[in-house]
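One structure is given here, and the rest of the page talks about it.
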Amino acid sequence: MPFNGKSGKFNASINAVEVGCGEKAIKLGGENVLPFYTFDAPIENSPKVGVMISDLGLENEPAGVKAYYEGCTTMADIAKKAAAMPGADFVCLKLESADPNGQDKSVEDCMAVVKEVVDAIDVPLVIAGCKNVAKDADLLTKASEVAQGKNAIILSAKEEDYKGIGAAAGLAYNQKVGAESAVDINLAKQLNVLISQLGVAPSNIVMNVGTAAVGYGFEYVVSTMDRIKAAALSQDDKQLQMPIITPVADEAWNVKEAMASEEDMPEWGDQEARGVGMEVSTAASVLASGSNAVILKHPTSVATISKMIKELM
Amino acid sequence: MALKGLDIFKLTPKTNCKECGSPTCMAFSMKVAQGAVDISKCPHMSEEAMATLSEATAPPMKTIKVGTGDAEYTLGGETVLARHEKTFVSKPRFAVRVTPDMDVDAALAEANKVDYDRIGERMHAEMVYVECNGDAAAFVEAVKKVTGKGKTIVLACKDADAAKAALDVCKAEKPILNGADASNYEKMVELAKEAGVVLGVSGADINELYDTAAAIEKLGYKDLVLDTTGATIKETFATTVQVRRACLAKEPDRTFGYPSIVNLSKIAPNDEAMQISLASVFVLKYGSIIVMDTMNYARGLALFGLRQNVYTDPQKPMKVEPGIYPLNGGDENSVVLTTVDFALTYFVVSGELERSGVPCNLVISDAGGLSVLTAWAAGKLSSTSVSKFIKEEVEPKVKSRKLIIPGKVAVLKGDIEAKLEGWQVIVAPNEAVQLVKFLKDLQASGEI
Amino acid sequence: MTLFDRVFGGNDAVYGLTEAAIDKAIAEHGADKAIAFPHTAYSLPCYYAVTGTKVANLGELKTALGVVKTLMTREKRLNDAFMSGVATALCAEFIEVLKYIDGATPYEEPLYGHLADATIRELGVPLVTGDIPGVAVILGSAPTKEDAVALVKSYQAQGILVTLVGGVIDQCVEAGLNMGYAVRIVPLGKDVTSVIHVVSVALRAALIFGNVTPGDAANLMKYTFERVPAFVNAFKPLDDVIVACGAGAIALGFPVVTNETENIFRVPKSLIVQEDVDKFNATSLEARDIKIKITKIDIPVSFASAFEGEIIRKGDMQVEFDGSRKDCFELVQTKELTQIEDHKFTLIGKDFDEFEVGSKNAISYIVDVAGKNMQSDFEPVFERKFHSYLNCIEGVMHTGQRDMIRVRISKATFEAGFRAKDLAEVLYANIKNEFDAVVDKCAVTIITDDAECTKLRHDLAIPAYDRRDERLTTLTDEAVPVYYSCIMCQAFSPSHVCVVTPERLGLCGAVSWLDAKATNELDPQGPCQVITKERVIDENLGRYEDVDEAVAKFSQGALEHVTLYSIMEDPMTSCGCFECICGIEPCSNGVAITNREYAGMTPLGMTFGELASMTGGGVQTPGFMGHGKHFIASKKFMKAEGGFERIVWMPKDLKDTVADRLNKAAKEVYDIDNFTDMIGDETIATDPETLLTFLTEKGHPALKLEPLM
């Protein structure tokens with residue numbers, strides 16, 4: 001008697017959200033099964049991999065990243081090179097230099113960078129802020145305007161600033177709103193409801209439900225994503241059916257495991273290999289938990305994760 | 001459906017005889033319902049009741065013990081598909097793959113370099129996976145080299161004679177014999193029975209795996225693990241998930257109610273980043289033994305961290321040890337900061353403090369493993385708890401008399417100052433991410 | 001003349017002018033002559049929005065005028081007047097577009113005329129966020145240029161975008177007022193028809209931000225009414241044309257405030273006569289329901305949560321108010337909207353600088369609030385926040401509540417200039433900000449006069465507190481129309497949902513039915529949601545279809561049924577933050593309760609910790625249940641199984657805590673005296689056998705009840 005497995009296909013599905021335009025546009029979401037459960041039903045849009053670049057340039061990047069971008073002098077060069085990275089589906093431009101606690105660059109200066117990158121590449125674009133709520137409110141509102149016509153994801157609108165960023169990205173300039181919450185299903189849902197109430201169509205919202213590097217309270221990330229997918233698919237909760245995008249690079253490369261130098265921790269061995277380990281482990285884990293896209297930075301990570309996705313589809 | 005404690009209680013003798021080790025029949029029944037003790041611990045249960053209960057309380061997935069002594073591990077026994085539903089119970093174990101043509105000693109030595117402690121848990125590759133490549137004598141030699149090394153042995157061998165020879169060497173260490181398939185299972189069952197070891201079962205596909213497992217059960221052998229490794233990554237994932245899902249379904253299919261073995265060396269050979277990625281996926285999705293080429297820090301730091309996170313009980317938060325943690329070269333004159341012992345809070349706060357580069361002493365007192373606001377609300381983080389810890393543990397060791405408290409419990413400032421003579425209490429921002437700027441500003445203004 | 005006559009007359013006049021102008025233009029340029037506003041993709045935006053038809057040349061404009069004519073019905077009904085108003089506005093747009101023929105630039109500095117699409121996209125964002133809380137349209141000439149400037153500046157100070165039409169522009173120019181888009185004062189044009197350029201902004205906003213389909217007039221007006229916070233201030237004299245335009249504004253949901261008294265007809269909330277131009281601002285904001293956010297509290301010292309734990313010692317104290325020595329109180333009172341002047345501050349008695357340093361005095365503060373959605377049940381919710389508000393002031397310490405308060409003000413804060421009005425300002429600003437969903441107006445009275453404090457405490461405050469307490473005791477599950485869910489704990493316990501009813505507060509002991517109600521009203525998307533109780537299945541068990549549905553929804557399907565009053569059948573789940581756990585004790589046919597503070601053994605054979613691991617995490621465990629301390633003496637406590645007379649054991653401390661209430665309830669319900677004396681505790685027994693002996697001795701009622709199972 002052969003094994004009689006029941007299909008885990010659901011009647012509800014995740015929204016399919018198109019990002020970018022033209023031939024290189026991508027679709028996030030659309031599936032009606034748990035992540036990679038292709039044995040239950042085919043998954044039309046495979047999860048996507050993005051490459052993060054920062055307007056701070058390459059100075060603080062690990063050697064492997066620097067090497068990949070060798071010869072790039074402008075942000076346009078870097079963006080083009082990122083778009084061409086093997087395995088990359090999209091590029092994420094992070095406007096880190098705007099951070100008031102860092103370089104505190106003006107919004108205008110940052111917009112010049114956005115313009116430069118927008119003009120340089122034709123792959124889908126994600127624009128991320130500097131994580132300072134007050135600054136991002138202005139920065140990302142303006143970025144939505146500057147990137148008009150790109151159908152970009154604006155990352156992100158939070159509970160504190162969703163109105164301005166949500167209205168600019170989702171209503172005024174026809175971008176996609178990235179709704180960011182802090183690892184809690186109810187907060188994620190509440191923010192989706194609030195952004196919807198502004199008049200933003202659900203098909204224009206993607207979620208960043210928050211993440212951590214593996215080992216750093218990652219169980220909350222897993223459970224939050226598991227629960228969101230369960231609610232979206234088995235309960236047909238429309239307010240949680242937005243696809244999930246997860247910026248992994250920032251978290252994974254900012255913990256001791258990736259930052260401690262070989263001098264400080266000789267027994268730990270090659271620092272870059274540790275960073276890649278943290279990045280791919282975190283990325284694979286959020287994908288297995290339900291992320292429809294991840295944002296990475298190391299070429300090895302991008303190649304590996306995109307290959308893993310292909311193998312699993 | 002699992003029985004509730006009260007249903008079990010109704011079948012107990014209700015004498016509170018305490019022979020089972022629980023003070024009352026009620027307490028015993030509740031523990032049985034939770035799966036914490038076996039129903040057979042009650043010596044006075046009627047046979048009829050026993051039969052009813054054994055069936056109903058038998059776990060859908062068997063708990064399998066392998067190895068001996070310090071290297072004894074429990075696999076399986078899971079009751080849920082997602083950790084938030086209750087909790088995962090048996091951590092997946094990592095196995096390092098060796099073959100007879102390798103320098104086995106060197107391979108083990110290399111893998112053993114990773115052996116450290118993380119929040120009270122020892123992190124190392126617990127198992128060794130010895131693959132037979134056809135030469136029985138060489139296989140036995142390799143098995144000899146891994147025996148007595150404190151690692152649970154998995155013998156990957158489908159040849160009965162070679163397997164027998166290997167078992168003769170190592171069976172005292174309770175290895176797993178991963179060798180049964182549709183063609184040889186009868187012999188393998190005999191071997192496993194004889195040696196008293198757990199048998200690994202594989203199949204050409206999920207159906208053959210199922211049929212073989214069913215056939216082995218019919219022979220009366222139920223100490224099994226299922227090798228769910230397929231020809232491809234995709235097939236391996238599909239089989240591993242479907243096996244677990246079948247046994248934890250509402251109507252459990254117990255033929256698949258066993259732990260799994262996933263061999264990444266087979267489906268992603270010589271690709272470290274891919275093995276880390278897939279190992280992460282299988283830590284989350286139902287791998288019980290995960291076989292890799294080796295263990296090193298690039299793999300271990302990520303995978304052990306992930307595993308520790310995912311296998312915590314959602315209702316029992318991870319705690320760090322109370323104490324003084326000097327950061328950035330902090331010494332007795334460096335400023336003191338305090339927060340709770342909830343591991344996540346500790347990691348986030350210490351991470352930000354490290355990033356600030358400001359020398360300081362992070363003081364962790366016992367707050368029941370709760371986050372700042374929760375601990376405060378539960379009375380576990382109070383001016384009394386903080387000041388007592390500072391007086392007893394910190395004052396003798398640290399000369400600085402400046403204490404920074406979490407912004408979320410600013411209300412404690414006055415009380416702490418009242419209880420800690422000579423101390424100046426400074427209120428930190430609400431969020432850890434604001435700490436870097438806050439500390440740098442304090443440093444720049446000469447406050448600390 | 002009726003209002004209808006004026007609107008219809010004005011409409012007819014404008015229509016005539018428009019027809020003549022179009023005919024003249026066709027005669028001059030020919031019907032094929034292209035017409036357009038600059039920098040817009042929406043053709044003639046108003047006409048396009050209302051009809052869904054684009055107009056590209058003079059011939060089409062003429063056709064469009066025919067369509068406008070069909071709106072101009074002449075029945076004396078409100079709808080006809082509104083439609084004629086809309087028709088008037090569309091005519092104005094036609095007249096205005098003719099000015100732009102041949103790429104002309106009819107408007108020069110400082111006038112703006114037509115605004116580009118880009119401006120609307122830019123403007124839309126702050127409108128959505130509330131950074132621009134409203135749009136004022138000021139029309140005509142103010143009585144004096146000073147009045148004009150004062151009115152414009154009052155709006156500007158509130159962040160409101162001001163558009164100007166007609167004589168008011170010259171008045172502002174004459175007064176030297178700095179105007180322009182950057183300072184949010186936009187002079188549109190001097191002809192009354194130029195008012196269409198602000199209407200055009202509103203309607204394009206609906207198309208761009210509201211995704212309204214052009215031609216879907218019903219949704220268009222719904223959008224402008226709900227989402228575009230515009231209003232009109234029209235100065236007298238009003239001619240029929242302006243009245244007709246006003247009808248159009250009202251049709252879009254924009255109220256008109258005027259100082260015209262002649263031949264005008266008041267329409268509540270829509271056409272409002274305010275003779276005092278000084279009050280145009282307040283009247284307009286109230287009519288359009290615009291609330292101004294307070295971003296910075298204007299006091300001489302800092303206000304931040306970092307000061308919450310500050311203690312002010314005697315030596316550092318400028319003045320102290322002490323409720324234990326003097327008559328003091330704090331009180332929130334709900335008033336009618338008309339009874340309150342927003343932001344009014346009254347001081348009765350001395351200010352802080354008139355007290356002797358270090359002296360003890362009386363203080364009382366009364367915060368009057370009013371709002372369309374205000375309910376008196378929220379009063380204690382606001383009042384409880386006072387403690388945190390006042391403590392967040394640098395150098396102010398507050399303890400206690402109601403009429404047992406103590407407030408200290410430090411010397412440093414006093415020297416920085418902190419006075420009674422600043423204390424009032426803190427209360428005002430925080431109430432308005434935090435509770436803006438329900439508070440429209442707020443006024444604060446501070447009383448430091450001894451006699452007045454004494455009088456008001458006894459005549460006003462104490463009766464108010466008594467009324468509230470009375471309300472709490474009469475608040476029963478049967479007496480309320482709905483219950484509330486609470487999922488504040490789901491971060492820790494994903495599948496747990498609390499059902500909060502008046503007689504059963506959240507098991508953490510922290511969320512009462514009133515709290516849940518207030519949370520729901522103030523944050524409708526928040527953790528507390530309404531649960532109806534219309535479809536009862538079993539009243540005794542407290543089983544409702546509505547409750548089951550809500551629990552299934554909020555637990556994401558983890559939990560399907562709960563009863564409100566039974567611990568045996570589908571008992572309510574717990575997150576893990578319960579104060580107490582009760583579990584059935586089979587030998588005595590009753591239940592034992594233990595609480596978090598008690599670490600020892602119970603007759604159940606399990607400690608609090610062991611019980612908690614079984615009952616927490618949203619798991620349903622029949623026979624066991626987590627709950628708050630307060631619930632123990634509730635008439636709903638395991639009502640389905642006979643109620644609290646089943647209680648056979650409690651830790652001594654817990655028993656002492658609840659003794660008064662439990663004994664009183666037992667007397668009332670079961671006619672048992674000193675019920676707690678019959679209940680065991682750890683000093684009597686921690687095993688079931690000894691407990692049973694004790695209970696038998698005392699004749700505990702549970703022993704005679706129906707078997708629990």
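Residue names in the structure tokens use chain letters A, B, ... in the order shown, residue numbers from 1 in each chain, and ligand numbers from 1 in the order shown.
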
Closest atom pairs, residues of chain B within 6 Å of chain A, only C-alpha atoms, as CSV:
residue,atom,partner,partner_atom,distance
B:His84,CA,A:Ser223,CA,5.7
B:Asn207,CA,A:Pro2,CA,5.1
B:Tyr210,CA,A:Phe3,CA,5.7
B:Lys234,CA,A:Leu312,CA,4.6
B:Met274,CA,A:Thr304,CA,5.8
B:Ile276,CA,A:Ser281,CA,5.9
B:Ser277,CA,A:Ser281,CA,5.0
B:Ser280,CA,A:Ser281,CA,5.5
B:Val281,CA,A:Ser285,CA,5.6
B:Tyr297,CA,A:Trp268,CA,5.5
B:Ala298,CA,A:Arg274,CA,4.1
B:Arg299,CA,A:Gly277,CA,6.0
B:Ala302,CA,A:Met278,CA,5.1
B:Gly305,CA,A:Gly215,CA,3.7
B:Leu306,CA,A:Val214,CA,4.8
B:Asn309,CA,A:Glu219,CA,5.1
B:Val310,CA,A:Glu219,CA,4.8
B:Leu344,CA,A:Gly217,CA,5.4

- Please, which residues of segment 111-360 of chain C, numbered as in this document, come out helix (DSSP H, G or I) from DSSP, as a VMD selection string? chain C and resid 117 to 129 145 to 157 167 to 174 181 to 183 192 to 209 217 to 227 240 to 251 277 to 288 305 to 307 314 to 316 337 to 339 352 to 354

- Query: Which neighbours of Asp236 of chain A fall inside 12 Å, counting only C-alpha atoms, when residues of the same chain fewer than 2 positions from it are skipped, and could you give them as a ChimeraX atom specification?
  - Reply: /A:10-15,32,228-234,238-242 /C:553,556-557

- Query: Neighbours of Val66 of chain B within 9 Å (only C-alpha atoms; same-chain residues fewer than 3 positions away dropped), as a list in words?
  - Reply: Ala71, Glu72, Tyr73, Thr74, Leu75, Thr152, Ile153, Glu173, Lys174, Pro175, Ile176, Val197 and Val198 of chain B

- Message: Only residues of chain A matter here; which ones have an atom within 7 Å of chain C, counting only C-alpha atoms? Give them as a ChimeraX atom specification.
- Response: /A:163-164,167-168,171-172,184,190,199,231,235

For the selection just defined, write its residues with all heavy atoms to a file, as a PDB file, in the first residue's frame.
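Generated file (part-v1.pdb):
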ATOM      1  N   LYS A 163       1.654  57.106   7.219  1.00  0.00           N
ATOM      2  CA  LYS A 163       0.728  57.967   6.483  1.00  0.00           C
ATOM      3  C   LYS A 163       1.425  58.659   5.319  1.00  0.00           C
ATOM      4  O   LYS A 163       0.985  58.574   4.183  1.00  0.00           O
ATOM      5  CB  LYS A 163       0.107  58.999   7.415  1.00  0.00           C
ATOM      6  CG  LYS A 163      -1.016  58.426   8.257  1.00  0.00           C
ATOM      7  CD  LYS A 163      -1.675  59.527   9.058  1.00  0.00           C
ATOM      8  CE  LYS A 163      -2.859  58.982   9.849  1.00  0.00           C
ATOM      9  NZ  LYS A 163      -3.335  59.996  10.795  1.00  0.00           N
ATOM     10  N   GLY A 164       2.517  59.346   5.636  1.00  0.00           N
ATOM     11  CA  GLY A 164       3.209  60.102   4.601  1.00  0.00           C
ATOM     12  C   GLY A 164       3.811  59.187   3.555  1.00  0.00           C
ATOM     13  O   GLY A 164       3.619  59.368   2.353  1.00  0.00           O
ATOM     14  N   ALA A 167       1.075  57.282   1.643  1.00  0.00           N
ATOM     15  CA  ALA A 167       0.351  58.115   0.680  1.00  0.00           C
ATOM     16  C   ALA A 167       1.228  58.449  -0.512  1.00  0.00           C
ATOM     17  O   ALA A 167       0.787  58.399  -1.663  1.00  0.00           O
ATOM     18  CB  ALA A 167      -0.128  59.392   1.364  1.00  0.00           C
ATOM     19  N   ALA A 168       2.489  58.765  -0.248  1.00  0.00           N
ATOM     20  CA  ALA A 168       3.385  59.134  -1.344  1.00  0.00           C
ATOM     21  C   ALA A 168       3.637  57.924  -2.242  1.00  0.00           C
ATOM     22  O   ALA A 168       3.456  57.982  -3.457  1.00  0.00           O
ATOM     23  CB  ALA A 168       4.707  59.663  -0.796  1.00  0.00           C
ATOM     24  N   LEU A 171      -0.117  56.055  -3.173  1.00  0.00           N
ATOM     25  CA  LEU A 171      -1.201  56.803  -3.805  1.00  0.00           C
ATOM     26  C   LEU A 171      -0.693  57.808  -4.829  1.00  0.00           C
ATOM     27  O   LEU A 171      -1.122  57.805  -5.973  1.00  0.00           O
ATOM     28  CB  LEU A 171      -2.017  57.539  -2.740  1.00  0.00           C
ATOM     29  CG  LEU A 171      -2.717  56.661  -1.710  1.00  0.00           C
ATOM     30  CD1 LEU A 171      -3.347  57.505  -0.621  1.00  0.00           C
ATOM     31  CD2 LEU A 171      -3.766  55.785  -2.378  1.00  0.00           C
ATOM     32  N   ALA A 172       0.250  58.637  -4.412  1.00  0.00           N
ATOM     33  CA  ALA A 172       0.640  59.740  -5.288  1.00  0.00           C
ATOM     34  C   ALA A 172       1.529  59.276  -6.437  1.00  0.00           C
ATOM     35  O   ALA A 172       1.368  59.734  -7.563  1.00  0.00           O
ATOM     36  CB  ALA A 172       1.334  60.827  -4.483  1.00  0.00           C
ATOM     37  N   ASP A 184       5.744  40.743  14.927  1.00  0.00           N
ATOM     38  CA  ASP A 184       4.526  40.508  15.702  1.00  0.00           C
ATOM     39  C   ASP A 184       3.365  40.482  14.714  1.00  0.00           C
ATOM     40  O   ASP A 184       3.122  41.453  14.002  1.00  0.00           O
ATOM     41  CB  ASP A 184       4.338  41.646  16.718  1.00  0.00           C
ATOM     42  CG  ASP A 184       3.088  41.460  17.573  1.00  0.00           C
ATOM     43  OD1 ASP A 184       2.020  41.098  17.041  1.00  0.00           O
ATOM     44  OD2 ASP A 184       3.185  41.684  18.781  1.00  0.00           O
ATOM     45  N   GLN A 190      -2.209  45.073  11.823  1.00  0.00           N
ATOM     46  CA  GLN A 190      -2.720  46.415  12.105  1.00  0.00           C
ATOM     47  C   GLN A 190      -2.174  47.433  11.099  1.00  0.00           C
ATOM     48  O   GLN A 190      -2.902  48.278  10.592  1.00  0.00           O
ATOM     49  CB  GLN A 190      -2.332  46.810  13.525  1.00  0.00           C
ATOM     50  CG  GLN A 190      -2.882  48.159  13.936  1.00  0.00           C
ATOM     51  CD  GLN A 190      -2.550  48.488  15.384  1.00  0.00           C
ATOM     52  OE1 GLN A 190      -1.965  47.684  16.088  1.00  0.00           O
ATOM     53  NE2 GLN A 190      -2.913  49.661  15.825  1.00  0.00           N
ATOM     54  N   GLY A 199      -6.256  54.140   1.598  1.00  0.00           N
ATOM     55  CA  GLY A 199      -6.706  54.010   0.224  1.00  0.00           C
ATOM     56  C   GLY A 199      -5.721  53.244  -0.650  1.00  0.00           C
ATOM     57  O   GLY A 199      -5.921  53.117  -1.857  1.00  0.00           O
ATOM     58  N   ALA A 231      -2.379  32.220   8.876  1.00  0.00           N
ATOM     59  CA  ALA A 231      -3.589  33.047   8.901  1.00  0.00           C
ATOM     60  C   ALA A 231      -4.009  33.418   7.480  1.00  0.00           C
ATOM     61  O   ALA A 231      -5.182  33.381   7.122  1.00  0.00           O
ATOM     62  CB  ALA A 231      -3.351  34.302   9.724  1.00  0.00           C
ATOM     63  N   GLN A 235      -6.820  30.665   7.117  1.00  0.00           N
ATOM     64  CA  GLN A 235      -7.952  31.458   7.601  1.00  0.00           C
ATOM     65  C   GLN A 235      -8.428  32.465   6.564  1.00  0.00           C
ATOM     66  O   GLN A 235      -9.348  33.226   6.821  1.00  0.00           O
ATOM     67  CB  GLN A 235      -7.562  32.223   8.871  1.00  0.00           C
ATOM     68  CG  GLN A 235      -7.137  31.374  10.032  1.00  0.00           C
ATOM     69  CD  GLN A 235      -8.316  30.714  10.685  1.00  0.00           C
ATOM     70  OE1 GLN A 235      -9.293  31.356  11.003  1.00  0.00           O
ATOM     71  NE2 GLN A 235      -8.235  29.400  10.855  1.00  0.00           N
TER      72      GLN A 235
END

- Task: Identify all chain B residues at most 9 Å from chain C by counting only C-alpha atoms; ligands do not count. Present them as an MDAnalysis selection string.
- Result: chainID B and resid 4:6 10 14 16 22:28 30:31 34 84:86 314:315 378 407:415 417:418 426:430

- From A:Asp237, A:Gly149, A:Ala143, A:Ala98, residue lying nearest Asn186 of chain A [only C-alpha atoms]: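 Of A:Asp237, A:Gly149, A:Ala143, A:Ala98, the one nearest Asn186 of chain A is A:Asp237, counting only C-alpha atoms.
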
- Item | Close residues, Thr211 of chain A itself excluded, 8 Å, only C-alpha atoms, min 6 positions apart in chain, as a PyMOL selection string | chain A and resi 182-183+218+221+246-248+251

- Message: Could you list, as an NGL selection string, every residue within 6 Å of Thr448 of chain C, counting only C-alpha atoms and ignoring same-chain residues fewer than 3 positions away?
- Response: :C and (349-350 or 362-363)

Could you write those residues out with N, CA, C and O atoms, as a compact mmCIF listing (two decimals), in the first residue's frame?
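Output (out.txt):
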# COMPACT_ATOMS: atom_id res chain seq x y z
N GLY C 349 -7.94 80.87 42.85
CA GLY C 349 -7.01 80.87 43.98
C GLY C 349 -5.64 81.35 43.56
O GLY C 349 -5.45 81.90 42.48
N LYS C 350 -4.66 81.10 44.45
CA LYS C 350 -3.31 81.63 44.22
C LYS C 350 -2.55 80.84 43.17
O LYS C 350 -2.79 79.64 43.00
N ALA C 362 -3.63 73.14 49.23
CA ALA C 362 -4.67 72.38 48.53
C ALA C 362 -4.57 72.64 47.03
O ALA C 362 -4.26 73.75 46.61
N ILE C 363 -4.83 71.62 46.24
CA ILE C 363 -4.96 71.82 44.80
C ILE C 363 -6.00 70.86 44.26
O ILE C 363 -6.15 69.75 44.77

- Minimum-distance residue to Phe237 of chain B, chosen among B:Ala172, B:Leu177, B:Ala279, B:Leu403 (using only C-alpha atoms): B:Ala279
